[in-house]
>>> print(open('target.cif').read())   # mmCIF, C-alpha atoms
data_protein
loop_
_atom_site.label_atom_id
_atom_site.label_comp_id
_atom_site.auth_asym_id
_atom_site.auth_seq_id
_atom_site.Cartn_x
_atom_site.Cartn_y
_atom_site.Cartn_z
CA MET A 1 0.00 0.00 0.00
CA ALA A 2 1.26 3.37 -0.95
CA ASN A 3 1.68 6.12 1.58
CA SER A 4 -1.27 8.40 1.96
CA PHE A 5 -1.60 12.12 2.59
CA ARG A 6 -4.32 14.55 3.57
CA LEU A 7 -6.15 16.19 0.70
CA GLU A 8 -8.55 19.11 0.97
CA VAL A 9 -10.57 20.62 -1.84
CA MET A 10 -11.96 24.06 -1.07
CA THR A 11 -14.31 26.42 -2.84
CA PRO A 12 -15.19 29.93 -1.68
CA SER A 13 -18.40 28.81 -0.03
CA LYS A 14 -17.68 25.34 1.24
CA ARG A 15 -15.17 22.58 1.85
CA PHE A 16 -15.80 20.16 -0.97
CA TYR A 17 -13.65 17.27 0.15
CA ARG A 18 -11.36 16.27 2.95
CA GLY A 19 -9.77 12.89 3.33
CA ASP A 20 -6.66 10.73 3.23
CA VAL A 21 -5.70 9.83 -0.30
CA GLU A 22 -2.93 7.93 -2.05
CA LEU A 23 -2.90 9.76 -5.33
CA VAL A 24 -4.51 12.83 -6.77
CA ILE A 25 -4.39 13.74 -10.45
CA VAL A 26 -5.18 17.26 -11.61
CA THR A 27 -4.92 19.22 -14.85
CA THR A 28 -2.22 21.85 -14.46
CA VAL A 29 -1.44 24.40 -17.11
CA ASP A 30 1.17 22.00 -18.51
CA GLY A 31 -1.10 18.98 -18.61
CA ASP A 32 -2.23 16.25 -16.25
CA GLU A 33 -0.11 15.73 -13.22
CA GLY A 34 -0.34 13.26 -10.36
CA PHE A 35 0.74 13.92 -6.80
CA MET A 36 1.60 11.30 -4.22
CA ALA A 37 2.77 11.53 -0.62
CA GLY A 38 6.20 13.08 -0.21
CA HIS A 39 6.00 15.26 -3.29
CA VAL A 40 8.28 18.28 -3.33
CA TRP A 41 6.45 21.42 -2.18
CA ALA A 42 4.77 23.04 -5.09
CA CYS A 43 2.23 25.59 -6.04
CA LYS A 44 0.67 25.20 -9.44
CA LEU A 45 -2.16 26.70 -11.37
CA LEU A 46 -4.92 24.44 -12.60
CA GLU A 47 -6.79 24.52 -15.87
CA VAL A 48 -10.41 23.66 -16.32
CA GLY A 49 -10.17 19.92 -16.11
CA GLU A 50 -10.70 16.69 -14.25
CA LEU A 51 -9.81 15.82 -10.72
CA TRP A 52 -9.05 12.20 -9.96
CA ILE A 53 -8.74 11.05 -6.41
CA LYS A 54 -7.57 7.64 -5.29
CA GLU A 55 -8.59 7.33 -1.69
CA LYS A 56 -6.56 5.52 0.93
CA ASP A 57 -7.23 1.77 0.87
CA ALA A 58 -9.16 2.07 -2.37
CA GLY A 59 -9.04 -0.78 -4.87
CA LYS A 60 -6.94 -0.69 -7.98
CA ASP A 61 -9.47 0.99 -10.21
CA GLU A 62 -11.50 2.84 -7.64
CA TRP A 63 -11.37 6.52 -8.38
CA ARG A 64 -13.47 9.46 -7.39
CA VAL A 65 -13.81 11.87 -10.29
CA ALA A 66 -14.85 15.50 -10.26
CA ALA A 67 -14.90 18.40 -12.71
CA VAL A 68 -12.86 21.44 -11.66
CA ALA A 69 -13.26 24.97 -13.01
CA GLY A 70 -9.61 25.96 -12.67
CA GLY A 71 -7.85 27.10 -9.54
CA PHE A 72 -4.60 26.20 -7.90
CA ILE A 73 -3.03 23.38 -5.98
CA ASP A 74 -0.83 23.90 -2.98
CA VAL A 75 1.35 20.91 -2.29
CA LYS A 76 3.04 20.70 1.07
CA ASP A 77 2.98 17.92 3.61
CA SER A 78 -0.70 17.95 2.91
CA VAL A 79 -2.32 19.05 -0.31
CA VAL A 80 -4.94 21.74 -0.71
CA ILE A 81 -6.77 22.51 -3.92
CA TYR A 82 -8.56 25.84 -4.22
CA THR A 83 -11.08 26.25 -6.96
CA ASP A 84 -14.03 28.47 -7.79
CA ALA A 85 -16.27 25.53 -8.56
CA VAL A 86 -16.04 21.76 -8.42
CA GLU A 87 -18.59 18.99 -8.90
CA TRP A 88 -18.51 15.22 -8.41
CA SER A 89 -19.16 13.31 -11.60
CA GLU A 90 -22.37 11.85 -10.16
CA ASP A 91 -23.76 15.31 -9.25
CA ILE A 92 -23.42 16.85 -12.68
CA ASP A 93 -26.67 18.04 -14.19
CA MET A 94 -26.29 16.96 -17.82
CA GLU A 95 -29.25 18.99 -19.05
CA ARG A 96 -27.77 22.21 -17.81
CA VAL A 97 -24.35 21.33 -19.15
CA LEU A 98 -25.72 20.60 -22.61
CA SER A 99 -27.75 23.79 -22.77
CA GLU A 100 -24.75 25.85 -21.67
CA LYS A 101 -22.59 24.10 -24.21
CA ALA A 102 -25.07 24.72 -27.01
CA LYS A 103 -25.35 28.38 -26.03
CA ALA A 104 -21.57 28.85 -26.06
CA GLU A 105 -21.22 27.04 -29.38
CA ASP A 106 -23.94 29.16 -30.96
CA TRP A 107 -22.28 32.30 -29.72
CA ILE A 108 -18.89 31.30 -31.08
CA ALA A 109 -20.43 30.32 -34.43
CA ALA A 110 -22.30 33.61 -34.66
CA HIS A 111 -19.20 35.63 -33.85
CA ALA A 112 -16.76 33.60 -35.92
CA GLU A 113 -15.08 36.69 -37.34
CA ALA A 114 -14.78 38.35 -33.93
CA ASP A 115 -11.42 39.09 -32.40
CA GLU A 116 -9.88 35.88 -31.08
CA ASP A 117 -8.52 37.61 -28.02
CA SER A 118 -11.59 39.60 -27.04
CA ALA A 119 -12.85 39.08 -23.52
CA GLU A 120 -16.22 37.77 -24.73
CA MET A 121 -14.62 35.22 -27.02
CA LYS A 122 -12.34 34.01 -24.26
CA ASN A 123 -15.28 33.81 -21.92
CA ALA A 124 -17.36 31.83 -24.41
CA LYS A 125 -14.48 29.42 -24.97
CA LEU A 126 -14.04 29.04 -21.22
CA ILE A 127 -17.72 28.21 -20.81
CA LEU A 128 -17.42 25.72 -23.64
CA ALA A 129 -14.34 24.13 -22.08
CA LYS A 130 -16.10 23.87 -18.72
CA ALA A 131 -19.16 22.29 -20.31
CA GLU A 132 -17.04 19.81 -22.25
CA THR A 133 -15.06 18.86 -19.17
CA ARG A 134 -18.21 18.33 -17.19
CA SER A 135 -19.83 16.18 -19.83
CA ASN A 136 -16.61 14.13 -20.06
CA VAL A 137 -16.50 13.75 -16.31
CA ALA A 138 -20.15 12.76 -16.19
CA ASP A 139 -19.28 9.97 -18.64
CA GLY A 140 -16.60 8.75 -16.28
CA GLY A 141 -13.70 10.90 -17.45
CA HIS A 142 -11.12 10.44 -20.18
CA ARG A 143 -9.18 7.84 -18.25
CA HIS A 144 -11.95 5.29 -18.59
CA MET B 145 -51.62 62.30 30.55
CA ALA B 146 -54.50 61.88 32.89
CA THR B 147 -56.20 64.70 31.10
CA GLU B 148 -56.29 62.69 27.88
CA SER B 149 -59.66 61.35 27.02
CA ILE B 150 -60.33 57.64 27.10
CA GLN B 151 -60.83 57.72 23.37
CA ASP B 152 -57.36 59.19 22.73
CA ILE B 153 -55.66 56.67 24.93
CA LYS B 154 -57.51 53.85 23.28
CA ARG B 155 -56.36 55.03 19.89
CA ARG B 156 -52.76 55.23 21.01
CA ILE B 157 -52.89 51.76 22.53
CA LYS B 158 -54.12 50.42 19.25
CA SER B 159 -51.37 52.04 17.23
CA VAL B 160 -48.57 51.04 19.62
CA ALA B 161 -49.89 47.49 19.79
CA SER B 162 -49.85 47.12 16.03
CA THR B 163 -46.32 48.55 15.87
CA GLU B 164 -45.29 46.09 18.53
CA ARG B 165 -46.69 43.25 16.49
CA ILE B 166 -44.71 44.37 13.43
CA THR B 167 -41.41 44.82 15.23
CA ASN B 168 -41.86 41.55 17.02
CA SER B 169 -42.43 39.61 13.82
CA MET B 170 -39.50 41.41 12.17
CA LYS B 171 -37.38 40.33 15.08
CA LEU B 172 -38.39 36.72 14.56
CA VAL B 173 -37.72 36.92 10.82
CA SER B 174 -34.29 38.44 11.44
CA ALA B 175 -33.49 35.76 13.98
CA GLY B 176 -34.23 33.11 11.37
CA LYS B 177 -32.22 34.87 8.69
CA LEU B 178 -29.39 35.40 11.12
CA ARG B 179 -29.19 31.70 11.80
CA LYS B 180 -29.00 30.96 8.09
CA ALA B 181 -26.48 33.70 7.35
CA LYS B 182 -24.33 32.61 10.26
CA ALA B 183 -24.04 29.09 8.94
CA ILE B 184 -22.81 30.34 5.56
CA PHE B 185 -20.54 32.87 7.19
CA GLU B 186 -18.85 30.30 9.39
CA LYS B 187 -18.00 28.11 6.41
CA THR B 188 -16.79 31.00 4.28
CA ASN B 189 -14.80 32.40 7.13
CA GLU B 190 -12.91 29.17 7.62
CA ASN B 191 -12.13 28.88 3.92
CA SER B 192 -11.06 32.46 3.49
CA HIS B 193 -8.69 32.03 6.40
CA TYR B 194 -7.07 29.12 4.64
CA ILE B 195 -6.70 31.02 1.41
CA THR B 196 -5.34 34.17 2.96
CA ASN B 197 -2.92 32.16 5.07
CA THR B 198 -1.63 30.30 2.05
CA ILE B 199 -1.15 33.49 0.14
CA GLY B 200 0.62 35.06 3.08
CA GLU B 201 2.95 32.09 3.28
CA LEU B 202 3.68 32.26 -0.42
CA PHE B 203 4.50 35.92 -0.20
CA ASN B 204 6.81 35.23 2.66
CA SER B 205 8.59 32.31 1.10
CA SER B 206 9.36 33.86 -2.23
CA SER B 207 11.55 36.79 -3.10
CA GLU B 208 10.28 36.96 -6.65
CA VAL B 209 6.91 38.52 -5.96
CA PRO B 210 5.97 41.05 -8.63
CA PRO B 211 6.54 44.32 -6.78
CA ASP B 212 3.48 46.07 -8.19
CA TYR B 213 1.25 44.67 -5.51
CA LEU B 214 3.53 45.25 -2.56
CA GLU B 215 3.47 48.05 -0.08
CA GLY B 216 5.84 50.88 -0.94
CA SER B 217 5.90 50.12 -4.65
CA ARG B 218 4.20 53.40 -5.50
CA GLU B 219 3.09 56.60 -3.92
CA ILE B 220 -0.45 56.41 -2.63
CA LYS B 221 -2.61 59.12 -4.13
CA THR B 222 -6.04 57.87 -5.04
CA THR B 223 -7.70 55.38 -2.79
CA ALA B 224 -10.60 53.12 -3.63
CA TYR B 225 -12.98 52.38 -0.82
CA ILE B 226 -15.19 49.37 -0.86
CA VAL B 227 -17.97 50.15 1.58
CA VAL B 228 -20.17 47.25 2.59
CA THR B 229 -23.53 48.40 3.93
CA SER B 230 -26.97 46.85 3.82
CA ALA B 231 -29.75 47.17 1.29
CA ARG B 232 -32.46 47.66 3.90
CA GLY B 233 -32.84 49.90 6.87
CA LEU B 234 -34.28 49.34 10.34
CA CYS B 235 -31.13 47.78 11.65
CA GLY B 236 -30.08 50.25 14.32
CA GLY B 237 -26.69 51.88 13.96
CA PHE B 238 -25.40 49.30 11.51
CA ASN B 239 -25.17 51.50 8.43
CA THR B 240 -24.39 54.67 10.35
CA ASN B 241 -21.35 53.09 11.92
CA ILE B 242 -19.99 51.88 8.60
CA ILE B 243 -20.60 55.17 6.87
CA ARG B 244 -19.07 57.18 9.70
CA GLU B 245 -15.89 55.12 9.51
CA ALA B 246 -15.78 55.41 5.71
CA GLN B 247 -16.31 59.17 5.88
CA ARG B 248 -13.51 59.52 8.41
CA GLU B 249 -11.11 57.63 6.15
CA ILE B 250 -12.15 59.60 3.11
CA ASP B 251 -11.70 62.93 4.92
CA LYS B 252 -8.04 62.04 5.49
CA ASP B 253 -7.30 61.93 1.77
CA TRP B 254 -6.37 64.84 -0.46
CA GLU B 255 -7.43 63.26 -3.70
CA PRO B 256 -11.09 62.51 -4.40
CA PRO B 257 -11.79 58.90 -3.53
CA VAL B 258 -13.19 56.17 -5.73
CA ILE B 259 -16.11 54.55 -3.96
CA ILE B 260 -17.45 51.11 -4.57
CA ALA B 261 -20.70 50.68 -2.69
CA ILE B 262 -22.05 47.29 -1.78
CA GLY B 263 -25.59 47.72 -0.46
CA SER B 264 -27.77 50.66 -1.43
CA LYS B 265 -27.51 52.55 1.87
CA GLY B 266 -23.88 53.44 1.31
CA LYS B 267 -24.53 54.39 -2.28
CA GLU B 268 -27.35 56.74 -1.32
CA TYR B 269 -25.25 58.45 1.31
CA PHE B 270 -22.23 59.09 -0.88
CA GLU B 271 -24.20 60.05 -3.95
CA LYS B 272 -26.15 62.60 -1.97
CA ARG B 273 -22.88 64.17 -0.89
CA GLY B 274 -21.56 64.41 -4.41
CA TYR B 275 -18.91 61.71 -4.27
CA ASN B 276 -18.04 59.66 -7.28
CA VAL B 277 -19.58 56.25 -6.70
CA HIS B 278 -17.70 54.17 -9.21
CA SER B 279 -19.78 51.03 -9.06
CA SER B 280 -22.24 49.40 -6.78
CA TYR B 281 -23.97 46.17 -5.93
CA LEU B 282 -27.51 46.85 -4.84
CA ALA B 283 -29.21 43.50 -4.33
CA PRO B 284 -29.48 42.31 -0.72
CA PRO B 285 -25.92 41.34 0.18
CA GLU B 286 -26.84 38.06 1.85
CA ASN B 287 -27.62 36.57 -1.55
CA ILE B 288 -24.34 37.49 -3.21
CA SER B 289 -22.64 34.66 -5.05
CA PHE B 290 -18.93 34.27 -5.48
CA LEU B 291 -19.36 34.92 -9.18
CA GLU B 292 -20.99 38.27 -8.49
CA ALA B 293 -18.19 39.16 -6.10
CA LYS B 294 -15.77 38.31 -8.87
CA GLU B 295 -17.53 40.63 -11.30
CA LEU B 296 -17.28 43.41 -8.73
CA VAL B 297 -13.58 42.89 -8.22
CA LYS B 298 -12.63 42.87 -11.88
CA PRO B 299 -12.89 46.62 -12.56
CA ILE B 300 -11.14 47.38 -9.29
CA LEU B 301 -8.10 45.35 -10.25
CA GLU B 302 -8.10 46.79 -13.75
CA MET B 303 -8.04 50.29 -12.32
CA TYR B 304 -5.24 49.29 -9.98
CA ASP B 305 -3.23 47.90 -12.86
CA ARG B 306 -3.79 51.06 -14.88
CA LYS B 307 -2.58 53.01 -11.84
CA GLU B 308 -5.84 54.95 -11.61
CA ILE B 309 -6.06 53.88 -8.01
CA ASP B 310 -3.12 53.18 -5.73
CA GLU B 311 -4.79 51.66 -2.74
CA VAL B 312 -7.84 49.53 -2.06
CA ILE B 313 -9.46 49.71 1.34
CA LEU B 314 -12.32 47.50 2.41
CA ILE B 315 -14.66 48.80 5.08
CA TYR B 316 -17.13 46.33 6.50
CA THR B 317 -18.69 45.11 9.72
CA SER B 318 -17.00 42.22 11.35
CA PHE B 319 -18.98 39.69 13.33
CA ILE B 320 -17.89 39.08 16.90
CA SER B 321 -21.06 37.69 18.40
CA THR B 322 -24.79 38.08 17.91
CA MET B 323 -24.64 40.93 20.41
CA GLU B 324 -21.49 42.59 19.19
CA GLN B 325 -20.27 43.72 15.80
CA GLU B 326 -17.35 45.88 14.94
CA VAL B 327 -16.53 48.11 11.99
CA LYS B 328 -13.28 47.10 10.39
CA ASN B 329 -11.19 48.67 7.72
CA GLU B 330 -8.66 46.58 5.94
CA THR B 331 -6.16 47.47 3.25
CA LEU B 332 -6.42 44.88 0.48
CA LEU B 333 -3.91 46.39 -1.91
CA PRO B 334 -1.05 47.01 -1.92
CA PHE B 335 -0.33 43.82 -0.13
CA LYS B 336 1.50 44.26 3.12
CA ILE B 337 3.99 41.53 3.83
CA GLU B 338 4.36 40.72 7.42
CA ASN B 339 7.84 39.39 7.76
CA ASP B 340 7.23 36.54 10.07
CA PRO B 341 10.62 35.02 10.93
CA ASP B 342 9.08 31.64 11.73
CA LEU B 343 7.77 31.28 8.25
CA ILE B 344 10.98 32.28 6.57
CA THR B 345 13.25 29.88 8.39
CA ASP B 346 10.76 27.17 7.63
CA THR B 347 10.84 27.57 3.88
CA LYS B 348 11.65 24.69 1.70
CA PHE B 349 12.12 24.75 -2.01
CA ILE B 350 8.76 25.25 -3.67
CA GLU B 351 8.04 24.48 -7.29
CA TYR B 352 5.94 27.07 -9.06
CA GLU B 353 4.20 26.36 -12.27
CA PRO B 354 4.07 27.90 -14.84
CA SER B 355 6.11 30.61 -13.02
CA VAL B 356 6.19 32.47 -9.73
CA GLU B 357 4.85 35.51 -11.46
CA ALA B 358 1.95 33.67 -13.04
CA VAL B 359 1.01 32.09 -9.74
CA PHE B 360 1.02 35.45 -8.00
CA ASN B 361 -0.87 37.11 -10.78
CA TYR B 362 -3.50 34.47 -10.29
CA LEU B 363 -3.47 34.66 -6.51
CA ILE B 364 -3.77 38.42 -6.13
CA PRO B 365 -7.21 38.70 -7.71
CA LYS B 366 -8.22 35.51 -5.90
CA TYR B 367 -7.19 37.05 -2.64
CA VAL B 368 -9.12 40.24 -3.27
CA GLU B 369 -12.19 38.32 -4.49
CA MET B 370 -12.12 36.05 -1.50
CA LYS B 371 -11.70 38.93 0.92
CA ILE B 372 -14.58 40.87 -0.55
CA TYR B 373 -16.83 37.86 -0.80
CA SER B 374 -16.25 36.89 2.80
CA ALA B 375 -16.64 40.50 3.94
CA VAL B 376 -20.02 40.72 2.25
CA VAL B 377 -21.15 37.46 3.77
CA GLU B 378 -19.91 38.57 7.16
CA SER B 379 -21.55 41.94 6.85
CA ALA B 380 -24.87 40.30 5.93
CA THR B 381 -24.63 38.23 9.09
CA CYS B 382 -23.99 41.38 11.10
CA GLU B 383 -26.91 43.14 9.44
CA HIS B 384 -29.31 40.46 10.59
CA ALA B 385 -27.83 40.43 14.06
CA ALA B 386 -28.09 44.23 14.24
CA ARG B 387 -31.66 44.21 12.99
CA ARG B 388 -32.63 41.53 15.42
CA MET B 389 -31.23 43.62 18.26
CA ALA B 390 -32.89 46.80 16.99
CA MET B 391 -36.23 45.08 16.64
CA GLU B 392 -35.93 43.49 20.04
CA ASN B 393 -35.33 46.91 21.58
CA ALA B 394 -38.24 48.36 19.65
CA THR B 395 -40.51 45.57 20.82
CA ASP B 396 -39.41 46.05 24.42
CA ASN B 397 -40.05 49.77 24.17
CA ALA B 398 -43.47 49.23 22.66
CA ARG B 399 -44.39 46.83 25.46
CA GLU B 400 -43.27 49.32 28.06
CA MET B 401 -45.34 52.01 26.40
CA LEU B 402 -48.33 49.71 26.27
CA ASP B 403 -48.03 49.09 30.00
CA THR B 404 -48.08 52.80 30.82
CA LEU B 405 -50.86 53.48 28.35
CA ASN B 406 -52.97 50.69 29.79
CA LEU B 407 -52.41 52.08 33.25
CA ASN B 408 -53.43 55.54 32.11
CA TYR B 409 -56.43 54.15 30.31
CA ASN B 410 -57.61 52.33 33.41
CA ARG B 411 -57.03 55.41 35.51
CA ALA B 412 -59.05 57.52 33.12
CA ARG B 413 -61.79 54.92 33.00
CA GLN B 414 -61.82 54.68 36.79
CA SER B 415 -62.05 58.41 37.24
CA ALA B 416 -64.87 58.60 34.71
CA ILE B 417 -66.78 55.97 36.70
CA THR B 418 -66.06 57.79 39.96
CA ASP B 419 -67.35 61.00 38.43
CA GLU B 420 -70.52 59.27 37.33
CA ILE B 421 -71.09 57.75 40.80
CA ILE B 422 -70.54 61.14 42.42
CA GLU B 423 -73.11 62.62 40.06
CA ILE B 424 -75.64 59.88 40.86
CA VAL B 425 -75.07 60.18 44.56
CA ALA B 426 -75.29 63.96 44.41
CA GLY B 427 -78.48 63.70 42.36
CA SER B 428 -80.17 61.24 44.75
CA GLU B 429 -79.14 63.34 47.76
CA ALA B 430 -80.70 66.41 46.18
CA GLN B 431 -84.05 64.57 45.90
CA HIS B 432 -84.19 63.86 49.64
#
>>> encode(input="target.cif", output="structure tokens")
Amino acid sequence: MANSFRLEVMTPSKRFYRGDVELVIVTTVDGDEGFMAGHVWACKLLEVGELWIKEKDAGKDEWRVAAVAGGFIDVKDSVVIYTDAVEWSEDIDMERVLSEKAKAEDWIAAHAEADEDSAEMKNAKLILAKAETRSNVADGGHRH
Amino acid sequence: MATESIQDIKRRIKSVASTERITNSMKLVSAGKLRKAKAIFEKTNENSHYITNTIGELFNSSSEVPPDYLEGSREIKTTAYIVVTSARGLCGGFNTNIIREAQREIDKDWEPPVIIAIGSKGKEYFEKRGYNVHSSYLAPPENISFLEAKELVKPILEMYDRKEIDEVILIYTSFISTMEQEVKNETLLPFKIENDPDLITDTKFIEYEPSVEAVFNYLIPKYVEMKIYSAVVESATCEHAARRMAMENATDNAREMLDTLNLNYNRARQSAITDEIIEIVAGSEAQH
């Protein structure tokens, strides 16, 4: 059994998760990255992406999966993830996700010639990315 | 008062009694809202402590912090004040205390301030006095979401980056207990590093990704957002506590008044009866 460490996932309004885990995988700005006990101290920014948690004493393929809307991870002797929003895969409301996704896609299609770097375009793409991540996570995530 | 007619006293009793009923039910409503707000506040408070602590630690452990956000990086001329008041009245000295503190801070400055009002009471006050209210959030503060707080913060940071403002001060009511609240003013930007020797000797190598600068540029707005969000939540809790207290006092006063009025009413009624008896007795004696 691998060593475990304390993981906390916080949002502005509540503590989303606290527990002892063996491995946590997050999407940093450079791609997916896993953290295990004894990792060098780090502080990294997270992209919109998936959060995979392997809890202490969990079986080989037992993961808890959540969708994260960006944030940052603070790795010390224990690990804390701060994010604006996070949702377990089983709590995701697919209807809402799909309607948000359709809205963002429509907007991008309608403003195809708009400036790539404009705030609205970035925002629409962010909403799209969030929706896509959430629908992926609801399907079990890309690792399945 | 004894000279008042029974009719007048009766009318006053009626009006005070209905006021008492209103204040009493407002007290009960506030007590319920307070309980709800307090639960949210306690959670937010805990989380914001974590976040601010982490940021403080990061500032302490790195020498590569972008200097723009640090104290002493520029001369302070224009100050932005974020004043958190309530959207509704009838909460005792709650808004007055906040506004008095804000006014005192503003009077110290030479340059005209930039005011960001959360809650309509602050906005009304400063607009009436001809100040420039840059932006405001007018919905009842207890319902603010983190996203809305974020929207509020965005223009503030943009102005700071453009050097239109050099300092951001947050003025809000801090919750001590249901009986006691305190007005607090806190400087959000520039960030003041408290050089805590314990933290510095304790530093280990920390990996930053993509870069120290990027991490800080992410954390600074987060810190301000978090601070403002938790201040609004805290202030909403205080508002309910203050209103509950104010309404409790009003109810107590009304009851006291009712007691005296009832006494006066009975006295007046009694003396009217006595007068009548005297008249009857006098009349019957005259017939003898």
>>> closest_residue(input="target.cif", among="A:Glu87, A:Asp74, A:Asp106, A:Asp93", to="Gly49 (chain A)", atoms="all atoms listed in the file")
A:Glu87
>>> resolve_selection(input="target.cif", expression="the PyMOL selection byres ((chain A and resi 135-140) around 10)", output="JSON, numbers by chain")
{"A": [49, 50, 51, 52, 63, 64, 65, 66, 67, 68, 87, 88, 89, 90, 91, 92, 93, 94, 95, 97, 98, 101, 129, 130, 131, 132, 133, 134, 141, 142, 143, 144]}
>>> resolve_selection(input="target.cif", expression="the PyMOL selection byres ((chain B) within 9 of (chain A))", output="number ranges by chain")
B: 184-185, 187-192, 195, 198, 202, 289-291, 348-356, 358-359, 362-363, 370, 373-374
>>> resolve_selection(input="target.cif", expression="the PyMOL selection byres ((chain A and resi 21) around 12)", output="PyMOL selection string")
chain A and resi 1-9+17-20+22-25+34-37+52-58+62-64+78-80
>>> atom_distance(input="target.cif", atom1="CA of Asn123 (chain A)", atom2="CA of Ala102 (chain A)")
14.3 Å
>>> residues_around(input="target.cif", residues="Ile243 (chain B)", least_positions_apart="5", cutoff="8 Å", atoms="all atoms listed in the file", output="ChimeraX atom specification")
/B:227,229,266,269
>>> atom_distance(input="target.cif", atom1="CA of Ile81 (chain A)", atom2="CA of Ala375 (chain B)")
22.0 Å
